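**Q** File final-v7.txt below, compact mmCIF, C-alpha atoms:
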# COMPACT_ATOMS: atom_id res chain seq x y z
CA MET A 1297 17.01 10.55 2.58
CA ASN A 1298 15.68 13.97 3.55
CA ASN A 1299 12.59 13.54 5.70
CA SER A 1300 12.23 17.23 6.63
CA SER A 1301 9.09 17.81 4.55
CA TYR A 1302 7.53 14.60 5.89
CA GLU A 1303 8.40 15.51 9.46
CA GLU A 1304 6.81 18.94 8.99
CA THR A 1305 3.67 17.90 7.12
CA GLY A 1306 3.18 14.25 8.05
CA VAL A 1307 2.70 13.49 4.35
CA LEU A 1308 5.11 11.36 2.35
CA THR A 1309 6.08 12.36 -1.15
CA PRO A 1310 7.10 9.80 -3.80
CA GLU A 1311 10.63 11.25 -3.72
CA LEU A 1312 11.06 9.91 -0.17
CA LEU A 1313 10.14 6.37 -1.18
CA LYS A 1314 12.16 3.58 -2.71
CA LEU A 1315 9.77 2.38 -5.38
CA PRO A 1316 10.00 -0.57 -7.77
CA SER A 1317 11.12 0.09 -11.32
CA LYS A 1318 8.55 0.72 -14.03
CA GLU A 1319 9.40 -2.70 -15.47
CA ARG A 1320 8.74 -4.42 -12.13
CA LEU A 1321 5.47 -2.55 -11.67
CA GLU A 1322 4.35 -3.70 -15.12
CA ARG A 1323 5.08 -7.40 -14.32
CA GLY A 1324 2.30 -7.71 -11.75
CA PRO A 1325 1.44 -7.18 -8.10
CA VAL A 1326 4.20 -5.80 -5.92
CA VAL A 1327 4.41 -4.42 -2.40
CA ILE A 1328 4.97 -0.73 -1.76
CA ILE A 1329 6.21 0.09 1.73
CA GLU A 1330 5.75 3.71 2.74
CA CYS A 1331 7.68 3.53 6.01
CA VAL A 1332 10.55 5.97 6.33
CA GLN A 1333 10.85 6.28 10.09
CA SER A 1334 13.61 4.70 12.11
CA ILE A 1335 11.54 3.00 14.79
CA PRO A 1336 11.78 -0.43 16.46
CA CYS A 1337 9.33 -2.42 14.35
CA ASP A 1338 9.68 -5.52 12.17
CA PRO A 1339 6.47 -7.57 11.78
CA CYS A 1340 6.54 -7.05 8.00
CA VAL A 1341 9.85 -8.92 7.77
CA TYR A 1342 8.41 -12.00 9.48
CA ALA A 1343 5.12 -11.83 7.55
CA CYS A 1344 6.87 -12.22 4.19
CA LYS A 1345 7.11 -15.91 3.29
CA TYR A 1346 9.30 -15.05 0.30
CA GLY A 1347 12.03 -13.15 2.15
CA ALA A 1348 11.34 -10.02 0.11
CA ILE A 1349 11.31 -7.60 3.06
CA GLU A 1350 14.56 -6.94 4.90
CA LYS A 1351 15.82 -4.58 7.59
CA GLU A 1352 19.42 -3.71 8.39
CA SER A 1353 18.47 -3.41 12.07
CA LEU A 1354 15.35 -3.42 14.21
CA THR A 1355 15.07 0.36 13.88
CA ALA A 1356 15.99 0.73 10.20
CA PRO A 1357 13.17 1.32 7.70
CA PRO A 1358 12.29 -1.84 5.74
CA LYS A 1359 13.64 -2.46 2.25
CA VAL A 1360 11.96 -4.56 -0.41
CA ASN A 1361 13.72 -6.91 -2.77
CA TYR A 1362 11.26 -6.42 -5.63
CA GLU A 1363 12.51 -9.48 -7.50
CA LYS A 1364 11.46 -11.73 -4.61
CA CYS A 1365 8.11 -10.02 -3.97
CA VAL A 1366 5.06 -11.80 -5.42
CA GLY A 1367 2.56 -9.19 -4.22
CA CYS A 1368 0.63 -11.57 -1.94
CA GLY A 1369 -0.13 -8.79 0.57
CA GLU A 1370 0.38 -10.87 3.71
CA CYS A 1371 2.60 -8.11 5.11
CA ILE A 1372 -0.14 -5.45 4.85
CA SER A 1373 -2.21 -6.57 7.83
CA GLU A 1374 0.92 -7.04 9.97
CA CYS A 1375 2.03 -3.40 9.72
CA PRO A 1376 0.95 -1.43 12.80
CA GLY A 1377 1.63 1.81 10.92
CA LEU A 1378 -0.72 0.97 8.00
CA ALA A 1379 2.19 1.80 5.70
CA ILE A 1380 2.13 -1.15 3.29
CA PHE A 1381 0.18 -1.46 0.03
CA VAL A 1382 0.18 -3.77 -2.97
CA VAL A 1383 -0.07 -2.22 -6.43
CA ASN A 1384 -1.01 -4.25 -9.49
CA MET A 1385 -0.62 -2.31 -12.75
CA ASN A 1386 -1.81 -5.35 -14.77
CA PHE A 1387 -5.41 -5.47 -13.54
CA SER A 1388 -6.84 -4.27 -16.87
CA TRP A 1389 -5.74 -2.10 -19.78
CA ASP A 1390 -6.97 1.12 -18.08
CA GLU A 1391 -7.10 0.26 -14.37
CA ALA A 1392 -4.67 -0.73 -11.66
CA THR A 1393 -5.52 -2.20 -8.28
CA ILE A 1394 -4.26 -1.14 -4.90
CA THR A 1395 -4.67 -3.34 -1.85
CA ILE A 1396 -4.91 -1.14 1.22
CA PRO A 1397 -5.09 -1.78 4.96
CA TYR A 1398 -8.60 -1.03 6.24
CA GLU A 1399 -9.71 -0.67 9.88
CA PHE A 1400 -13.08 1.07 9.63
CA LEU A 1401 -16.64 -0.22 9.90
CA PRO A 1402 -18.73 -0.94 8.05
CA LEU A 1403 -16.42 -2.74 5.66
CA PRO A 1404 -16.80 -1.86 1.99
CA LYS A 1405 -18.46 -4.40 -0.27
CA ARG A 1406 -17.31 -5.63 -3.65
CA GLY A 1407 -18.61 -3.41 -6.44
CA GLU A 1408 -19.14 -0.31 -4.30
CA ILE A 1409 -17.69 2.99 -5.51
CA TYR A 1410 -15.80 5.28 -3.14
CA GLU A 1411 -13.86 8.51 -3.26
CA ALA A 1412 -10.20 7.73 -3.98
CA LEU A 1413 -7.95 9.61 -1.56
CA ASP A 1414 -4.30 10.58 -1.86
CA ARG A 1415 -1.75 10.60 0.98
CA GLU A 1416 -3.13 13.92 2.23
CA GLY A 1417 -6.71 12.67 2.27
CA LYS A 1418 -7.68 14.75 -0.77
CA VAL A 1419 -10.15 13.30 -3.25
CA VAL A 1420 -8.33 12.52 -6.51
CA GLY A 1421 -10.84 10.29 -8.27
CA GLN A 1422 -13.03 7.25 -7.78
CA ALA A 1423 -12.21 3.76 -6.55
CA ARG A 1424 -14.21 0.59 -7.13
CA VAL A 1425 -13.94 -2.16 -4.52
CA VAL A 1426 -12.90 -5.41 -6.23
CA ALA A 1427 -12.12 -7.55 -3.15
CA VAL A 1428 -12.28 -7.55 0.63
CA ARG A 1429 -10.10 -9.98 2.59
CA LEU A 1430 -11.06 -10.41 6.21
CA LYS A 1431 -8.16 -11.05 8.55
CA GLU A 1432 -9.16 -12.42 11.95
CA ASN A 1433 -7.95 -10.15 14.77
CA LYS A 1434 -5.95 -8.12 12.25
CA THR A 1435 -6.31 -5.24 9.83
CA HIS A 1436 -8.55 -6.20 6.90
CA LEU A 1437 -7.43 -5.81 3.27
CA VAL A 1438 -9.50 -3.94 0.69
CA THR A 1439 -8.51 -4.06 -2.96
CA ILE A 1440 -9.68 -1.15 -5.07
CA ALA A 1441 -9.48 -0.46 -8.80
CA VAL A 1442 -8.45 3.02 -9.93
CA LYS A 1443 -7.27 4.64 -13.15
CA LYS A 1444 -3.70 3.50 -13.82
CA SER A 1445 -2.49 7.09 -13.56
CA LEU A 1446 -3.60 7.09 -9.90
CA ALA A 1447 -1.96 3.82 -8.83
CA MET A 1448 0.95 5.51 -7.09
CA VAL A 1449 -1.21 8.35 -5.76
CA VAL A 1450 -4.26 6.74 -4.13
CA ARG A 1451 -3.70 5.35 -0.63
CA ASN A 1452 -7.18 5.18 0.92
CA ILE A 1453 -10.88 5.52 0.28
CA GLY A 1454 -13.33 8.09 1.61
CA ARG A 1455 -17.09 8.45 1.27
CA ARG A 1456 -19.10 5.88 -0.59
CA LEU A 1457 -20.54 7.35 -3.78
For this file, produce the structure as structure tokens.
**A**
Amino acid sequence: MNNSSYEETGVLTPELLKLPSKERLERGPVVIIECVQSIPCDPCVYACKYGAIEKESLTAPPKVNYEKCVGCGECISECPGLAIFVVNMNFSWDEATITIPYEFLPLPKRGEIYEALDREGKVVGQARVVAVRLKENKTHLVTIAVKKSLAMVVRNIGRRL
């Protein structure tokens, strides 16, 4: 895997990621791990009750067994790098949901509309908050609905609209 562009810009590109197949994405919620660095970290492995996240060593980037993943999102709040998301392409016929880690206050509320941001922080559309899961002493989880075409692009929210 060539990380040179990531190391220069700090922004991941889809080509650097090991993503689930189109068929797996269409089956329902699935975790997307955007961690490509070789660093000593493994809380995501222990957070997964289904054994879907594996690492070859403590410093190897995590790998997902997409057939085991049920998209529960328990691993999201365990990741200190905020590098884990759950994508659900089956939310509705024209929208997908993305569950993102969220550490800002105030917390968004269900039904609010925000700017949808890509990996560079650029506005690429709108996101509607569909759920907020509070995690005591951990990173909270916010699930947003976006156009299906943006499901693999949007990774955060910006200003409330």
**Q** Counting all atoms listed in the file, which residues in range 1344-1377 of chain A sit no more than 8 Å from range 1433-1438 of chain A? For each one, give the nearest pair of atoms and the distance in Å, sorted by chain then residue number, as a Markdown table.
**A**
| residue | atom | partner | partner_atom | distance |
| --- | --- | --- | --- | --- |
| A:Ile1372 | CA | A:Leu1437 | CA | 7.5 |
| A:Ser1373 | CA | A:Thr1435 | CA | 4.8 |
| A:Glu1374 | CA | A:Lys1434 | CA | 7.3 |
**Q** Using only C-alpha atoms, I'd like a table of the residues in range 1351-1451 of chain A that come within 7 Å of range 1340-1347 of chain A; for each, show the closest atom pair and its distance in Å rounded to one decimal, ordered by chain and ascending number, as a tab-separated table.
**A**
residue	atom	partner	partner_atom	distance
A:Lys1364	CA	A:Tyr1346	CA	6.3
A:Cys1365	CA	A:Tyr1346	CA	6.7
A:Glu1370	CA	A:Ala1343	CA	6.2
A:Cys1371	CA	A:Cys1340	CA	5.0
A:Glu1374	CA	A:Cys1340	CA	6.0
A:Cys1375	CA	A:Cys1340	CA	6.1
**Q** Hey, which of A:Val1428, A:Leu1413, A:Leu1315, A:Met1385 ends up closest to Pro1397 in chain A? Count all atoms listed in the file.
**A**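 Between A:Val1428, A:Leu1413, A:Leu1315, A:Met1385, the residue approaching Pro1397 in chain A most closely is A:Val1428.
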**Q** Grab the CA of Cys1368 in chain A to CA of Leu1313 in chain A distance for me, in Å with one decimal place.
**A**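 These two atoms are separated by 20.3 Å.
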**Q** Of the residues A:Gly1421, A:Pro1325, A:Pro1336, A:Pro1376, which is the one nearest to Ser1353 in chain A, using only C-alpha atoms?
**A**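 The closest residue to Ser1353 in chain A is A:Pro1336.
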**Q** Take CA of Ile1396 in chain A and CA of Val1382 in chain A and report the distance between them in Å, one decimal.
**A**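 Atom-to-atom, CA of Ile1396 in chain A to CA of Val1382 in chain A, that is 7.1 Å.
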**Q** Figure out the distance between CA of Tyr1362 in chain A and CA of Leu1446 in chain A, please, to one decimal in Å.
**A** 20.5 Å
**Q** Between A:Val1450, A:Arg1455, A:Val1327, A:Val1332, which has the minimum distance to Asn1384 in chain A (counting all atoms listed in the file)?
**A**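 Closest candidate: A:Val1327.
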**Q** Neighbours of range 1439-1444 of chain A within 7 Å (all atoms listed in the file; same-chain residues fewer than 5 positions away dropped), as number ranges by chain?
**A** A: 1385, 1390-1396, 1422-1428
**Q** Pick the closest to Glu1352 in chain A from A:Ser1317, A:Asn1386, A:Ser1334, A:Thr1309: which is it, counting only C-alpha atoms?
**A**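 Among the listed residues, A:Ser1334 lies closest to Glu1352 in chain A.
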**Q** Nearest residue to Pro1339 in chain A out of A:Gly1324, A:Val1366, A:Lys1405, A:Gly1377, using all atoms listed in the file?
**A** A:Gly1377
**Q** So, with all atoms listed in the file as the atoms that count, which of A:Glu1330, A:Ser1388, A:Asp1414, A:Gly1454 lies closest to Glu1311 in chain A?
**A**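 Looking only at the distances to Glu1311 in chain A, the closest residue turns out to be A:Glu1330.
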**Q** Would you pick out the contacts of Ile1335 in chain A at 8 Å or less, using only C-alpha atoms, so that residues sharing its chain but fewer than 6 positions from it are not included, and give the list as a VMD selection string?
**A** chain A and resid 1354 to 1357
**Q** Output as an mmCIF file, keeping the file's coordinate frame: range 1311-1342 of chain A, completed with N, CA and C atoms.
**A**
data_model
loop_
_atom_site.group_PDB
_atom_site.id
_atom_site.type_symbol
_atom_site.label_atom_id
_atom_site.label_comp_id
_atom_site.auth_asym_id
_atom_site.auth_seq_id
_atom_site.Cartn_x
_atom_site.Cartn_y
_atom_site.Cartn_z
ATOM 1 N N GLU A 1311 9.177 11.090 -3.720
ATOM 2 C CA GLU A 1311 10.630 11.250 -3.720
ATOM 3 C C GLU A 1311 11.285 10.633 -2.487
ATOM 4 N N LEU A 1312 10.528 10.491 -1.399
ATOM 5 C CA LEU A 1312 11.060 9.910 -0.170
ATOM 6 C C LEU A 1312 11.041 8.390 -0.181
ATOM 7 N N LEU A 1313 10.357 7.810 -1.166
ATOM 8 C CA LEU A 1313 10.140 6.370 -1.180
ATOM 9 C C LEU A 1313 11.073 5.660 -2.144
ATOM 10 N N LYS A 1314 11.407 4.431 -1.793
ATOM 11 C CA LYS A 1314 12.160 3.580 -2.710
ATOM 12 C C LYS A 1314 11.142 2.701 -3.417
ATOM 13 N N LEU A 1315 10.832 3.042 -4.632
ATOM 14 C CA LEU A 1315 9.770 2.380 -5.380
ATOM 15 C C LEU A 1315 10.339 1.376 -6.374
ATOM 16 N N PRO A 1316 9.534 0.384 -6.750
ATOM 17 C CA PRO A 1316 10.000 -0.570 -7.770
ATOM 18 C C PRO A 1316 10.147 0.126 -9.119
ATOM 19 N N SER A 1317 10.941 -0.459 -9.972
ATOM 20 C CA SER A 1317 11.120 0.090 -11.320
ATOM 21 C C SER A 1317 9.817 -0.004 -12.104
ATOM 22 N N LYS A 1318 9.729 0.764 -13.161
ATOM 23 C CA LYS A 1318 8.550 0.720 -14.030
ATOM 24 C C LYS A 1318 8.361 -0.690 -14.584
ATOM 25 N N GLU A 1319 9.463 -1.332 -14.947
ATOM 26 C CA GLU A 1319 9.400 -2.700 -15.470
ATOM 27 C C GLU A 1319 8.841 -3.670 -14.441
ATOM 28 N N ARG A 1320 9.258 -3.529 -13.179
ATOM 29 C CA ARG A 1320 8.740 -4.420 -12.130
ATOM 30 C C ARG A 1320 7.268 -4.148 -11.877
ATOM 31 N N LEU A 1321 6.876 -2.885 -11.861
ATOM 32 C CA LEU A 1321 5.470 -2.550 -11.670
ATOM 33 C C LEU A 1321 4.608 -3.167 -12.778
ATOM 34 N N GLU A 1322 5.114 -3.185 -13.982
ATOM 35 C CA GLU A 1322 4.350 -3.700 -15.120
ATOM 36 C C GLU A 1322 4.259 -5.226 -15.123
ATOM 37 N N ARG A 1323 5.098 -5.921 -14.353
ATOM 38 C CA ARG A 1323 5.080 -7.400 -14.320
ATOM 39 C C ARG A 1323 3.950 -7.969 -13.489
ATOM 40 N N GLY A 1324 3.384 -7.183 -12.588
ATOM 41 C CA GLY A 1324 2.300 -7.710 -11.750
ATOM 42 C C GLY A 1324 2.356 -7.151 -10.346
ATOM 43 N N PRO A 1325 1.549 -7.721 -9.456
ATOM 44 C CA PRO A 1325 1.440 -7.180 -8.100
ATOM 45 C C PRO A 1325 2.785 -7.106 -7.386
ATOM 46 N N VAL A 1326 2.968 -5.999 -6.664
ATOM 47 C CA VAL A 1326 4.200 -5.800 -5.920
ATOM 48 C C VAL A 1326 3.907 -4.910 -4.710
ATOM 49 N N VAL A 1327 4.607 -5.182 -3.618
ATOM 50 C CA VAL A 1327 4.410 -4.420 -2.400
ATOM 51 C C VAL A 1327 5.085 -3.056 -2.491
ATOM 52 N N ILE A 1328 4.414 -2.073 -1.910
ATOM 53 C CA ILE A 1328 4.970 -0.730 -1.760
ATOM 54 C C ILE A 1328 4.962 -0.441 -0.268
ATOM 55 N N ILE A 1329 6.133 -0.207 0.298
ATOM 56 C CA ILE A 1329 6.210 0.090 1.730
ATOM 57 C C ILE A 1329 6.519 1.577 1.883
ATOM 58 N N GLU A 1330 5.612 2.264 2.557
ATOM 59 C CA GLU A 1330 5.750 3.710 2.740
ATOM 60 C C GLU A 1330 6.105 4.000 4.197
ATOM 61 N N CYS A 1331 7.175 3.380 4.645
ATOM 62 C CA CYS A 1331 7.680 3.530 6.010
ATOM 63 C C CYS A 1331 9.081 4.113 5.914
ATOM 64 N N VAL A 1332 9.244 5.326 6.405
ATOM 65 C CA VAL A 1332 10.550 5.970 6.330
ATOM 66 C C VAL A 1332 11.132 6.287 7.707
ATOM 67 N N GLN A 1333 10.384 5.957 8.744
ATOM 68 C CA GLN A 1333 10.850 6.280 10.090
ATOM 69 C C GLN A 1333 11.764 5.194 10.643
ATOM 70 N N SER A 1334 12.707 5.631 11.428
ATOM 71 C CA SER A 1334 13.610 4.700 12.110
ATOM 72 C C SER A 1334 13.024 4.416 13.483
ATOM 73 N N ILE A 1335 12.192 3.379 13.548
ATOM 74 C CA ILE A 1335 11.540 3.000 14.790
ATOM 75 C C ILE A 1335 11.687 1.485 14.980
ATOM 76 N N PRO A 1336 11.644 1.014 16.226
ATOM 77 C CA PRO A 1336 11.780 -0.430 16.460
ATOM 78 C C PRO A 1336 10.492 -1.169 16.069
ATOM 79 N N CYS A 1337 10.509 -1.750 14.882
ATOM 80 C CA CYS A 1337 9.330 -2.420 14.350
ATOM 81 C C CYS A 1337 9.789 -3.380 13.250
ATOM 82 N N ASP A 1338 9.276 -4.608 13.235
ATOM 83 C CA ASP A 1338 9.680 -5.520 12.170
ATOM 84 C C ASP A 1338 8.680 -6.620 11.815
ATOM 85 N N PRO A 1339 7.389 -6.484 12.123
ATOM 86 C CA PRO A 1339 6.470 -7.570 11.780
ATOM 87 C C PRO A 1339 6.371 -7.840 10.282
ATOM 88 N N CYS A 1340 6.606 -6.841 9.455
ATOM 89 C CA CYS A 1340 6.540 -7.050 8.000
ATOM 90 C C CYS A 1340 7.588 -8.043 7.537
ATOM 91 N N VAL A 1341 8.756 -8.010 8.149
ATOM 92 C CA VAL A 1341 9.850 -8.920 7.770
ATOM 93 C C VAL A 1341 9.416 -10.361 7.991
ATOM 94 N N TYR A 1342 8.807 -10.630 9.132
ATOM 95 C CA TYR A 1342 8.410 -12.000 9.480
ATOM 96 C C TYR A 1342 7.151 -12.444 8.743
#
